[in-house]
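Participant: Dropping a structure here in structure tokens format, bear with me for questions.
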Amino acid sequence: MYRLMIVDDDALVRERLRRLIRFADLQLDLVCEAGEGEEALALYEQYRPNLLVSDINIPLVDGLEVIRRIHAKDPDVQAVVITGFATMGYAQESMRLGTVDFLLKPVDENELNTALGNAILRLRARTATVARISELEEIARRSLPILRERYLNSLIQQPQEEDESEIRDHLAKLQLEMTSPCHVAVAMLPDYATVGIAEREKIQLALCNLVQTQLTAQGLTCVSFTDASRRLVFLVGGQKEPLEDRVEEVLIRIQDQIRFYFHIECKAGVGDAVTNLSLLHQSFANAVEAVKSVAIYGRNNVVSSKNVHVRQDELEADFGREMGQLITALKAEDRKGSAQIVYRYLNRAWTESSGDFSYVQQECMKILSEILTCSTDLRWSHQKIFDGNPYRMLLECKDIVMAQEALCAIADQYLDALAQRRQHHGHRLVDEAKAFIRNNHASPELNLSMVSAHVGLSTAYFCNLFKEETHQTFTEYLNAERIRHAKILLTETNSTTEEVALAVGFNNPSYFFEVFKRLTGERPRRYAKAPQG
């Protein structure tokens, strides 16, 4: 099904278009309608329609400008323009924008459906082209794995005769993503003592997938392969910050997953970060040496070459830093990030205490204390936030896995309470927007952008929030408010229709006449003369 949006400021025209379009025959789905340009742009961001049927003369942003802005983001969107004013300028601009057709009102049913059919043919042609390109790319990809692994092994085993630009060109030809400003080599050595030979390759593939998934989730790039000694090698790219620390944290966090899924131990060494790809062999040599030191300096089977001589006071500082990161993640309502920190923190506590679960429980209580401190900002009782006594939840845990799950559940309950408060906050913002509209309805300049800026929200987010709370679009609500004031002026003053239109914010008397009749069912002058009960 193709997604369609209709844009016209006249609800009757939109209704007629809905009746004329042969949705089933064309495999079309009407996903949204808009009455003015800014609303159309906001709805486009939400629904991403493939096709657009738009009038040119619509309020705030005209139809051609709407098409121009949408094409700037997605040139594949197909547009059919309709208008009641046939001018050569409109037609030329419409064709310059690449619209499918330019139709005059009243729209003929066959012409409209033919235009939409042509739009769909364009979309299908584009899809077929993309499919052919994808097929060729797939054929090329099948021939690359062996060449990639050979070249990557040469990068980590010996100094390169190529300069930096030549290395990057070579990698680009092999379709390898290694454009980050900084890189770290990781050497991983799984213990296959309890694994059959037939299962080793499967475990290698699964391990590579797990590590890559976790690293890319942190915004890092990762290329994996095996070296001549059958070690798993990961070349990880990122910014110039302490990249080794980020990589080490990810590897420590997933050690429990490796044990659970594969029933093996897996040592990992993290080399020093390098800013030149020609120095990757040095980073890899450091990683290999680090693997040898896991038994002495490693935390949960992982060691970074720069931390081989880490001191105990530095370990204590790490706990404090991670606690601060947890509070930051909770206040940012980052569920995934807070859960990752909890798992990493308790894994570190478990390792440093040599498996003393009572020590882990003490650290759990420290984390709980911080969560409870954060929850006081909600000004709600703990009974309203948490399901049961959070202290009891932790005291009943028998092992580190239960403790991690319990702490994550407590954090989730806190974040649920935050989300509930935000919902109440949304009601307040919409009430504030309504008050602003009431106080400024007489200004012809009042628009969606001004109101959303007043309440401190983006236009698209405010548009969706306002529609969700009021069941009206911004334009519908503003017009209703202006017409409400117009009815008072018409019945209680001697002002002319034109004067009333200007007084309530319509700078176009004809548009005021049209909106008034649509909302009240009567003409303004007749409404003014009729007795009001």
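Scheme for the structure tokens: letters A, B, ... for chains in order shown; per-chain residue numbers from 1; ligand numbers from 1 in order shown.
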According to DSSP computed on the backbone, where in segment 179-310 of chain A is there helix (DSSP H, G or I)? Give the residues as an mmCIF file with N, CA and C atoms, in the first residue's frame.

Facilitator:
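Result written to selection.cif:
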```
data_model
loop_
_atom_site.group_PDB
_atom_site.id
_atom_site.type_symbol
_atom_site.label_atom_id
_atom_site.label_comp_id
_atom_site.auth_asym_id
_atom_site.auth_seq_id
_atom_site.Cartn_x
_atom_site.Cartn_y
_atom_site.Cartn_z
ATOM 1 N N ILE A 197 34.727 -29.310 17.992
ATOM 2 C CA ILE A 197 35.292 -28.612 16.826
ATOM 3 C C ILE A 197 34.191 -28.124 15.891
ATOM 4 N N ALA A 198 33.147 -28.916 15.709
ATOM 5 C CA ALA A 198 32.074 -28.546 14.788
ATOM 6 C C ALA A 198 31.319 -27.309 15.258
ATOM 7 N N GLU A 199 31.335 -27.036 16.563
ATOM 8 C CA GLU A 199 30.575 -25.914 17.100
ATOM 9 C C GLU A 199 31.379 -24.619 17.154
ATOM 10 N N ARG A 200 32.685 -24.704 16.993
ATOM 11 C CA ARG A 200 33.520 -23.522 17.192
ATOM 12 C C ARG A 200 33.204 -22.404 16.200
ATOM 13 N N GLU A 201 33.026 -22.763 14.945
ATOM 14 C CA GLU A 201 32.751 -21.736 13.935
ATOM 15 C C GLU A 201 31.434 -21.026 14.217
ATOM 16 N N LYS A 202 30.425 -21.788 14.647
ATOM 17 C CA LYS A 202 29.142 -21.167 14.976
ATOM 18 C C LYS A 202 29.287 -20.191 16.140
ATOM 19 N N ILE A 203 30.066 -20.609 17.146
ATOM 20 C CA ILE A 203 30.262 -19.740 18.306
ATOM 21 C C ILE A 203 31.034 -18.482 17.903
ATOM 22 N N GLN A 204 32.019 -18.638 17.025
ATOM 23 C CA GLN A 204 32.769 -17.465 16.558
ATOM 24 C C GLN A 204 31.852 -16.453 15.895
ATOM 25 N N LEU A 205 30.996 -16.936 15.008
ATOM 26 C CA LEU A 205 30.077 -16.031 14.314
ATOM 27 C C LEU A 205 29.136 -15.348 15.290
ATOM 28 N N ALA A 206 28.612 -16.118 16.246
ATOM 29 C CA ALA A 206 27.687 -15.546 17.222
ATOM 30 C C ALA A 206 28.389 -14.534 18.129
ATOM 31 N N LEU A 207 29.634 -14.840 18.534
ATOM 32 C CA LEU A 207 30.390 -13.903 19.356
ATOM 33 C C LEU A 207 30.644 -12.585 18.622
ATOM 34 N N CYS A 208 31.037 -12.700 17.359
ATOM 35 C CA CYS A 208 31.282 -11.496 16.559
ATOM 36 C C CYS A 208 30.008 -10.646 16.463
ATOM 37 N N ASN A 209 28.884 -11.289 16.244
ATOM 38 C CA ASN A 209 27.621 -10.572 16.135
ATOM 39 C C ASN A 209 27.267 -9.882 17.454
ATOM 40 N N LEU A 210 27.446 -10.575 18.571
ATOM 41 C CA LEU A 210 27.149 -10.000 19.880
ATOM 42 C C LEU A 210 28.011 -8.780 20.157
ATOM 43 N N VAL A 211 29.317 -8.918 19.953
ATOM 44 C CA VAL A 211 30.237 -7.811 20.241
ATOM 45 C C VAL A 211 29.949 -6.622 19.321
ATOM 46 N N GLN A 212 29.777 -6.874 18.041
ATOM 47 C CA GLN A 212 29.510 -5.791 17.106
ATOM 48 C C GLN A 212 28.212 -5.068 17.449
ATOM 49 N N THR A 213 27.175 -5.821 17.791
ATOM 50 C CA THR A 213 25.887 -5.210 18.139
ATOM 51 C C THR A 213 26.028 -4.279 19.335
ATOM 52 N N GLN A 214 26.745 -4.739 20.364
ATOM 53 C CA GLN A 214 26.900 -3.920 21.564
ATOM 54 C C GLN A 214 27.757 -2.685 21.304
ATOM 55 N N LEU A 215 28.796 -2.824 20.493
ATOM 56 C CA LEU A 215 29.659 -1.677 20.196
ATOM 57 C C LEU A 215 28.943 -0.636 19.341
ATOM 58 N N THR A 216 28.230 -1.090 18.316
ATOM 59 C CA THR A 216 27.522 -0.134 17.449
ATOM 60 C C THR A 216 26.393 0.548 18.201
ATOM 61 N N ALA A 217 25.828 -0.122 19.205
ATOM 62 C CA ALA A 217 24.784 0.512 20.024
ATOM 63 C C ALA A 217 25.345 1.706 20.797
ATOM 64 N N LEU A 243 38.834 6.286 23.936
ATOM 65 C CA LEU A 243 38.096 5.247 23.215
ATOM 66 C C LEU A 243 38.308 3.882 23.852
ATOM 67 N N GLU A 244 39.522 3.649 24.380
ATOM 68 C CA GLU A 244 39.800 2.362 25.003
ATOM 69 C C GLU A 244 38.844 2.088 26.167
ATOM 70 N N ASP A 245 38.493 3.159 26.922
ATOM 71 C CA ASP A 245 37.609 2.977 28.074
ATOM 72 C C ASP A 245 36.211 2.549 27.635
ATOM 73 N N ARG A 246 35.704 3.181 26.590
ATOM 74 C CA ARG A 246 34.359 2.824 26.116
ATOM 75 C C ARG A 246 34.312 1.380 25.628
ATOM 76 N N VAL A 247 35.342 0.985 24.898
ATOM 77 C CA VAL A 247 35.392 -0.388 24.385
ATOM 78 C C VAL A 247 35.499 -1.384 25.538
ATOM 79 N N GLU A 248 36.346 -1.062 26.501
ATOM 80 C CA GLU A 248 36.526 -1.953 27.655
ATOM 81 C C GLU A 248 35.205 -2.120 28.408
ATOM 82 N N GLU A 249 34.470 -1.037 28.601
ATOM 83 C CA GLU A 249 33.199 -1.101 29.333
ATOM 84 C C GLU A 249 32.208 -2.023 28.639
ATOM 85 N N VAL A 250 32.147 -1.928 27.314
ATOM 86 C CA VAL A 250 31.219 -2.792 26.567
ATOM 87 C C VAL A 250 31.605 -4.258 26.724
ATOM 88 N N LEU A 251 32.898 -4.549 26.599
ATOM 89 C CA LEU A 251 33.359 -5.941 26.691
ATOM 90 C C LEU A 251 33.127 -6.520 28.090
ATOM 91 N N ILE A 252 33.325 -5.705 29.123
ATOM 92 C CA ILE A 252 33.076 -6.171 30.494
ATOM 93 C C ILE A 252 31.594 -6.486 30.675
ATOM 94 N N ARG A 253 30.735 -5.605 30.140
ATOM 95 C CA ARG A 253 29.296 -5.762 30.344
ATOM 96 C C ARG A 253 28.743 -7.028 29.696
ATOM 97 N N GLN A 255 30.252 -9.926 29.247
ATOM 98 C CA GLN A 255 30.860 -11.202 29.654
ATOM 99 C C GLN A 255 29.830 -12.169 30.228
ATOM 100 N N ASP A 256 28.881 -11.659 31.014
ATOM 101 C CA ASP A 256 27.838 -12.538 31.556
ATOM 102 C C ASP A 256 26.983 -13.131 30.440
ATOM 103 N N GLN A 257 26.738 -12.335 29.402
ATOM 104 C CA GLN A 257 25.965 -12.846 28.270
ATOM 105 C C GLN A 257 26.732 -13.959 27.551
ATOM 106 N N ILE A 258 28.039 -13.799 27.423
ATOM 107 C CA ILE A 258 28.846 -14.827 26.765
ATOM 108 C C ILE A 258 28.783 -16.134 27.555
ATOM 109 N N ARG A 259 28.904 -16.019 28.870
ATOM 110 C CA ARG A 259 28.835 -17.232 29.697
ATOM 111 C C ARG A 259 27.465 -17.889 29.592
ATOM 112 N N PHE A 260 26.421 -17.062 29.613
ATOM 113 C CA PHE A 260 25.058 -17.598 29.620
ATOM 114 C C PHE A 260 24.711 -18.271 28.290
ATOM 115 N N TYR A 261 25.045 -17.598 27.172
ATOM 116 C CA TYR A 261 24.640 -18.120 25.867
ATOM 117 C C TYR A 261 25.563 -19.218 25.343
ATOM 118 N N PHE A 262 26.874 -19.110 25.607
ATOM 119 C CA PHE A 262 27.832 -20.013 24.965
ATOM 120 C C PHE A 262 28.515 -20.975 25.944
ATOM 121 N N LEU A 277 45.685 4.757 10.734
ATOM 122 C CA LEU A 277 45.438 3.351 10.442
ATOM 123 C C LEU A 277 46.736 2.581 10.226
ATOM 124 N N SER A 278 47.786 3.273 9.815
ATOM 125 C CA SER A 278 49.074 2.605 9.604
ATOM 126 C C SER A 278 49.692 2.131 10.920
ATOM 127 N N LEU A 279 49.119 2.574 12.078
ATOM 128 C CA LEU A 279 49.639 2.167 13.376
ATOM 129 C C LEU A 279 48.779 1.102 14.039
ATOM 130 N N LEU A 280 47.831 0.542 13.308
ATOM 131 C CA LEU A 280 46.963 -0.476 13.889
ATOM 132 C C LEU A 280 47.739 -1.701 14.359
ATOM 133 N N HIS A 281 48.846 -2.007 13.705
ATOM 134 C CA HIS A 281 49.632 -3.167 14.120
ATOM 135 C C HIS A 281 50.168 -2.983 15.544
ATOM 136 N N GLN A 282 50.460 -1.725 15.941
ATOM 137 C CA GLN A 282 50.915 -1.463 17.302
ATOM 138 C C GLN A 282 49.770 -1.666 18.300
ATOM 139 N N SER A 283 48.584 -1.164 17.957
ATOM 140 C CA SER A 283 47.429 -1.334 18.841
ATOM 141 C C SER A 283 47.103 -2.813 19.020
ATOM 142 N N PHE A 284 47.198 -3.584 17.933
ATOM 143 C CA PHE A 284 46.897 -5.009 18.024
ATOM 144 C C PHE A 284 47.945 -5.736 18.868
ATOM 145 N N ALA A 285 49.211 -5.372 18.722
ATOM 146 C CA ALA A 285 50.263 -5.997 19.537
ATOM 147 C C ALA A 285 50.002 -5.724 21.021
ATOM 148 N N ASN A 286 49.566 -4.501 21.348
ATOM 149 C CA ASN A 286 49.226 -4.175 22.734
ATOM 150 C C ASN A 286 48.053 -5.024 23.222
ATOM 151 N N ALA A 287 47.051 -5.225 22.343
ATOM 152 C CA ALA A 287 45.876 -6.013 22.718
ATOM 153 C C ALA A 287 46.260 -7.457 23.005
ATOM 154 N N VAL A 288 47.153 -8.022 22.192
ATOM 155 C CA VAL A 288 47.593 -9.410 22.410
ATOM 156 C C VAL A 288 48.319 -9.530 23.743
ATOM 157 N N GLU A 289 49.171 -8.563 24.072
ATOM 158 C CA GLU A 289 49.870 -8.584 25.353
ATOM 159 C C GLU A 289 48.889 -8.431 26.508
ATOM 160 N N ALA A 290 47.855 -7.613 26.301
ATOM 161 C CA ALA A 290 46.857 -7.411 27.357
ATOM 162 C C ALA A 290 46.118 -8.706 27.670
ATOM 163 N N VAL A 291 45.827 -9.495 26.631
ATOM 164 C CA VAL A 291 45.134 -10.771 26.856
ATOM 165 C C VAL A 291 45.946 -11.647 27.800
ATOM 166 N N LYS A 292 47.259 -11.607 27.677
ATOM 167 C CA LYS A 292 48.122 -12.428 28.534
ATOM 168 C C LYS A 292 48.068 -11.979 29.990
ATOM 169 N N VAL A 294 45.293 -10.878 31.572
ATOM 170 C CA VAL A 294 43.922 -10.890 32.106
ATOM 171 C C VAL A 294 43.883 -11.475 33.506
ATOM 172 N N ALA A 295 44.621 -12.548 33.727
ATOM 173 C CA ALA A 295 44.568 -13.208 35.036
ATOM 174 C C ALA A 295 45.062 -12.304 36.154
ATOM 175 N N ILE A 296 45.931 -11.340 35.832
ATOM 176 C CA ILE A 296 46.519 -10.474 36.860
ATOM 177 C C ILE A 296 45.733 -9.174 37.010
ATOM 178 N N TYR A 297 45.446 -8.507 35.882
ATOM 179 C CA TYR A 297 44.880 -7.175 35.930
ATOM 180 C C TYR A 297 43.444 -7.085 35.408
ATOM 181 N N SER A 305 45.271 -2.407 27.765
ATOM 182 C CA SER A 305 46.734 -2.345 27.886
ATOM 183 C C SER A 305 47.180 -1.122 28.683
ATOM 184 N N LYS A 306 46.421 -0.042 28.654
ATOM 185 C CA LYS A 306 46.849 1.162 29.380
ATOM 186 C C LYS A 306 46.504 1.076 30.866
ATOM 187 N N ASN A 307 45.690 0.085 31.251
ATOM 188 C CA ASN A 307 45.283 -0.044 32.647
ATOM 189 C C ASN A 307 45.956 -1.218 33.347
#
```

Participant: Just want the 10 Å neighbourhood of Glu149 of chain A, counted on only C-alpha atoms, with same-chain residues fewer than 5 positions away dropped. Output as JSON, numbers by chain.

Facilitator: {"A": [144, 154, 155, 224, 225, 226, 227]}

Participant: Determine, using only C-alpha atoms, which residues of segment 185-252 of chain A have any atom at most 12 Å from an atom of segment 156-167 of chain A, and tabulate each with its shortest atom pair and distance in Å to one decimal place, rows ordered by chain and then rising number, as a tab-separated table.

Facilitator:
```
residue	atom	partner	partner_atom	distance
A:Ala185	CA	A:Ile156	CA	8.3
A:Val186	CA	A:Ile156	CA	10.6
A:Ala187	CA	A:Ile156	CA	10.7
A:Phe225	CA	A:Ile156	CA	11.2
A:Thr226	CA	A:Ile156	CA	11.0
A:Asp227	CA	A:Ile156	CA	8.8
A:Ala228	CA	A:Gln157	CA	9.5
A:Ser229	CA	A:Gln157	CA	11.4
A:Val233	CA	A:Ile156	CA	9.3
A:Phe234	CA	A:Ile156	CA	10.5
A:Leu235	CA	A:Ile156	CA	9.3
```

Participant: Take the residues just selected and output them with C-alpha atoms as an mmCIF file, in the first residue's frame.

Facilitator:
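Generated output (part.cif):
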```
data_model
loop_
_atom_site.group_PDB
_atom_site.id
_atom_site.type_symbol
_atom_site.label_atom_id
_atom_site.label_comp_id
_atom_site.auth_asym_id
_atom_site.auth_seq_id
_atom_site.Cartn_x
_atom_site.Cartn_y
_atom_site.Cartn_z
ATOM 1 C CA ALA A 185 42.306 -3.060 18.184
ATOM 2 C CA VAL A 186 40.711 -5.755 20.342
ATOM 3 C CA ALA A 187 42.008 -9.317 20.586
ATOM 4 C CA PHE A 225 37.629 -11.000 11.497
ATOM 5 C CA THR A 226 39.982 -13.774 12.652
ATOM 6 C CA ASP A 227 43.765 -13.659 12.563
ATOM 7 C CA ALA A 228 46.246 -16.409 11.704
ATOM 8 C CA SER A 229 46.135 -17.728 15.306
ATOM 9 C CA VAL A 233 39.916 -9.422 16.130
ATOM 10 C CA PHE A 234 37.790 -6.268 16.335
ATOM 11 C CA LEU A 235 38.921 -2.933 14.918
#
```

Participant: As a VMD selection string, please: every residue in segment 227-455 of chain A that a backbone DSSP assignment puts in strand (DSSP E or B).

Facilitator: chain A and resid 232 to 238 266 to 270 274 299 302 to 304

Participant: Can I get the selected residues back with all heavy atoms, as a short mmCIF file (atom, residue, chain, number, x, y, z; two decimals), in the first residue's frame?

Facilitator:
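As written to disk, result38.cif reads:
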```
data_model
loop_
_atom_site.label_atom_id
_atom_site.label_comp_id
_atom_site.auth_asym_id
_atom_site.auth_seq_id
_atom_site.Cartn_x
_atom_site.Cartn_y
_atom_site.Cartn_z
N LEU A 232 39.79 -13.87 17.63
CA LEU A 232 38.83 -12.92 17.08
C LEU A 232 39.41 -11.52 17.22
O LEU A 232 39.91 -11.14 18.29
CB LEU A 232 37.50 -13.00 17.84
CG LEU A 232 36.78 -14.36 17.84
CD1 LEU A 232 35.45 -14.25 18.56
CD2 LEU A 232 36.58 -14.85 16.42
N VAL A 233 39.35 -10.77 16.14
CA VAL A 233 39.92 -9.42 16.13
C VAL A 233 38.80 -8.43 15.80
O VAL A 233 38.02 -8.64 14.87
CB VAL A 233 41.05 -9.29 15.10
CG1 VAL A 233 41.65 -7.89 15.15
CG2 VAL A 233 42.12 -10.35 15.34
N PHE A 234 38.76 -7.34 16.58
CA PHE A 234 37.79 -6.27 16.34
C PHE A 234 38.56 -4.95 16.21
O PHE A 234 39.35 -4.60 17.10
CB PHE A 234 36.79 -6.17 17.49
CG PHE A 234 36.01 -7.43 17.73
CD1 PHE A 234 36.49 -8.39 18.63
CD2 PHE A 234 34.83 -7.68 17.07
CE1 PHE A 234 35.80 -9.57 18.85
CE2 PHE A 234 34.12 -8.85 17.28
CZ PHE A 234 34.61 -9.79 18.18
N LEU A 235 38.34 -4.26 15.11
CA LEU A 235 38.92 -2.93 14.92
C LEU A 235 37.79 -1.93 15.13
O LEU A 235 36.88 -1.82 14.30
CB LEU A 235 39.54 -2.80 13.53
CG LEU A 235 40.63 -3.83 13.19
CD1 LEU A 235 41.17 -3.58 11.79
CD2 LEU A 235 41.74 -3.80 14.23
N VAL A 236 37.86 -1.22 16.23
CA VAL A 236 36.76 -0.37 16.68
C VAL A 236 37.11 1.09 16.46
O VAL A 236 38.19 1.54 16.84
CB VAL A 236 36.45 -0.61 18.17
CG1 VAL A 236 35.20 0.15 18.59
CG2 VAL A 236 36.28 -2.10 18.45
N GLY A 237 36.18 1.83 15.83
CA GLY A 237 36.42 3.25 15.54
C GLY A 237 35.49 4.15 16.32
O GLY A 237 34.35 3.81 16.62
N GLY A 238 36.00 5.34 16.68
CA GLY A 238 35.18 6.33 17.39
C GLY A 238 35.91 7.66 17.45
O GLY A 238 36.86 7.91 16.71
N CYS A 266 35.76 -16.12 27.94
CA CYS A 266 36.31 -15.44 26.76
C CYS A 266 37.16 -14.27 27.21
O CYS A 266 36.64 -13.26 27.69
CB CYS A 266 35.16 -14.98 25.86
SG CYS A 266 35.71 -14.42 24.25
N LYS A 267 38.47 -14.38 27.09
CA LYS A 267 39.38 -13.30 27.47
C LYS A 267 39.46 -12.26 26.35
O LYS A 267 39.43 -12.62 25.17
CB LYS A 267 40.78 -13.86 27.76
CG LYS A 267 40.83 -14.88 28.89
CD LYS A 267 42.23 -15.44 29.04
CE LYS A 267 42.28 -16.49 30.13
NZ LYS A 267 43.64 -17.07 30.27
N ALA A 268 39.62 -11.01 26.75
CA ALA A 268 39.70 -9.94 25.75
C ALA A 268 40.72 -8.91 26.17
O ALA A 268 40.79 -8.52 27.35
CB ALA A 268 38.34 -9.28 25.55
N GLY A 269 41.54 -8.47 25.23
CA GLY A 269 42.51 -7.41 25.47
C GLY A 269 42.23 -6.23 24.57
O GLY A 269 41.92 -6.39 23.38
N VAL A 270 42.33 -5.03 25.13
CA VAL A 270 42.06 -3.80 24.38
C VAL A 270 43.37 -3.05 24.19
O VAL A 270 44.05 -2.70 25.17
CB VAL A 270 41.04 -2.91 25.12
CG1 VAL A 270 40.74 -1.66 24.31
CG2 VAL A 270 39.77 -3.68 25.42
N VAL A 274 44.81 4.58 18.37
CA VAL A 274 45.71 5.21 17.40
C VAL A 274 44.90 6.08 16.46
O VAL A 274 43.73 5.79 16.18
CB VAL A 274 46.50 4.15 16.59
CG1 VAL A 274 47.42 3.37 17.50
CG2 VAL A 274 45.55 3.21 15.86
N ARG A 299 39.44 -7.27 34.61
CA ARG A 299 38.15 -7.17 35.29
C ARG A 299 37.14 -7.93 34.46
O ARG A 299 36.84 -7.55 33.33
CB ARG A 299 37.73 -5.71 35.45
CG ARG A 299 38.61 -4.93 36.42
CD ARG A 299 38.17 -3.49 36.49
NE ARG A 299 38.35 -2.82 35.22
CZ ARG A 299 37.89 -1.59 34.96
NH1 ARG A 299 37.22 -0.93 35.88
NH2 ARG A 299 38.09 -1.02 33.79
N VAL A 302 38.49 -9.04 31.08
CA VAL A 302 38.85 -7.99 30.11
C VAL A 302 39.93 -7.11 30.73
O VAL A 302 39.86 -6.76 31.91
CB VAL A 302 37.62 -7.13 29.75
CG1 VAL A 302 38.02 -6.03 28.76
CG2 VAL A 302 36.51 -7.99 29.16
N VAL A 303 40.92 -6.74 29.92
CA VAL A 303 41.94 -5.81 30.39
C VAL A 303 42.33 -4.89 29.25
O VAL A 303 42.42 -5.31 28.08
CB VAL A 303 43.17 -6.55 30.94
CG1 VAL A 303 43.89 -7.33 29.86
CG2 VAL A 303 44.13 -5.58 31.63
N SER A 304 42.52 -3.62 29.58
CA SER A 304 43.02 -2.65 28.61
C SER A 304 44.52 -2.49 28.82
O SER A 304 44.99 -2.44 29.96
CB SER A 304 42.32 -1.30 28.80
OG SER A 304 42.91 -0.31 28.00
#
```

Participant: Which neighbours of Val430 of chain A fall inside 12 Å, counting only C-alpha atoms, when residues of the same chain fewer than 4 positions from it are skipped, and could you give them as a VMD selection string?

Facilitator: chain A and resid 423 to 426 434 to 437 451 to 452 454 to 457 461 to 472 474 477

Participant: Using only C-alpha atoms, find the one residue out of A:Gln325, A:Ile21, A:Asp62, A:Phe357 that sits nearest to Glu39 of chain A.

Facilitator: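 So, comparing all the options, the nearest one is A:Asp62.
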
Participant: Within 10 Å of Gly63 of chain A, counting only C-alpha atoms, which residues show up once you throw out same-chain ones fewer than 2 positions away? Write them as a compact mmCIF listing (two decimals) with C-alpha atoms, in the first residue's frame, please.

Facilitator:
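So part-v2.txt came out as:
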```txt
# COMPACT_ATOMS: atom_id res chain seq x y z
CA VAL A 7 -3.96 19.05 1.69
CA ASP A 8 -6.76 21.59 1.19
CA GLU A 36 -2.93 24.50 5.95
CA GLY A 37 0.73 24.39 5.01
CA ALA A 40 0.92 19.57 6.29
CA VAL A 53 -2.55 15.79 -3.40
CA SER A 54 -2.42 19.48 -2.55
CA ASP A 55 -4.21 22.71 -3.33
CA ILE A 56 -1.92 25.65 -4.08
CA ASN A 57 -3.85 28.36 -2.25
CA ILE A 58 -3.77 27.23 1.38
CA PRO A 59 -3.12 29.36 4.49
CA LEU A 60 0.27 30.03 6.13
CA VAL A 61 2.47 28.14 3.63
CA GLU A 65 6.19 25.70 -0.98
CA VAL A 66 4.98 22.63 0.93
CA ILE A 67 6.01 20.42 -2.03
CA ARG A 68 9.34 22.22 -2.31
CA VAL A 81 -1.35 19.79 -7.64
CA ILE A 82 -4.95 21.08 -7.76
CA THR A 83 -6.04 24.71 -7.98
CA SER A 94 4.52 23.08 -10.55
```

Participant: Name all residues at most 12 Å from Leu326 of chain A (count only C-alpha atoms; drop same-chain ones fewer than 5 positions away) and give them as a list in words.

Facilitator: Phe319, Gly320, Arg321, Lys331, Ala332, Glu333, Asp334, Arg335, Lys336, Gly337, Ser338, Ala339, Gln340, Ile341, Val342, Tyr343, Arg344, Tyr345, Lys366, Ile367, Leu368, Glu370, Ile371, Cys374, Leu407, Cys408 and Ala411 of chain A

Participant: Using only C-alpha atoms, which residue out of A:Gln27, A:Gly117, A:Val130, A:Gln239 lies closest to Gly219 of chain A?

Facilitator: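 Using only C-alpha atoms, Gly219 of chain A sits closest to A:Gln239.
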
Participant: Could you pull the residues within 10 Å of Thr520 of chain A, counting only C-alpha atoms, minus those fewer than 5 positions along the same chain, as a list in words?

Facilitator: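 In the requested form, the answer reads Ala480, Ile483, Arg484, Lys487, Val515 and Tyr527 of chain A.
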
Participant: Keeping only C-alpha atoms, take the residues you just selected and write them out as a PDB file, in the first residue's frame.

Facilitator:
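Dumped everything to again30.pdb:
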```pdb
ATOM      1  CA  ALA A 480     -13.186  28.138  15.991  1.00  0.00           C
ATOM      2  CA  ILE A 483     -15.426  32.610  14.876  1.00  0.00           C
ATOM      3  CA  ARG A 484     -16.589  32.505  18.515  1.00  0.00           C
ATOM      4  CA  LYS A 487     -20.334  35.872  16.564  1.00  0.00           C
ATOM      5  CA  VAL A 515     -14.842  29.674   7.531  1.00  0.00           C
ATOM      6  CA  TYR A 527     -26.365  35.418  11.557  1.00  0.00           C
TER       7      TYR A 527
END
```

Participant: One number please: atom CA of Pro49 of chain A to atom CA of Met1 of chain A, in Å, one decimal.

Facilitator: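 Pair atom CA of Pro49 of chain A / atom CA of Met1 of chain A returns 10.7 Å.
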
Participant: Please measure the separation of atom CA of Asp10 of chain A and atom CA of Phe513 of chain A, giving the value in Å to one decimal.

Facilitator: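 Computing it gives 12.3 Å between the two atoms.
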
Participant: Between atom CA of Leu147 of chain A and atom CA of Leu220 of chain A, measure the distance and give it in Å to one decimal.

Facilitator: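 Between atom CA of Leu147 of chain A and atom CA of Leu220 of chain A the gap is 23.5 Å.
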
Participant: Rank A:Leu64, A:Leu116, A:Leu395, A:Val77 by their smallest atom-to-atom distance to Gln92 of chain A, using only C-alpha atoms, and report the top residue only.

Facilitator: A:Leu64

Participant: Given only C-alpha atoms as the basis, pick out the residue of A:Glu492, A:Glu93, A:Glu499, A:Asp76 nearest to Ala119 of chain A.

Facilitator: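 For Ala119 of chain A, the nearest of the candidates is A:Asp76.
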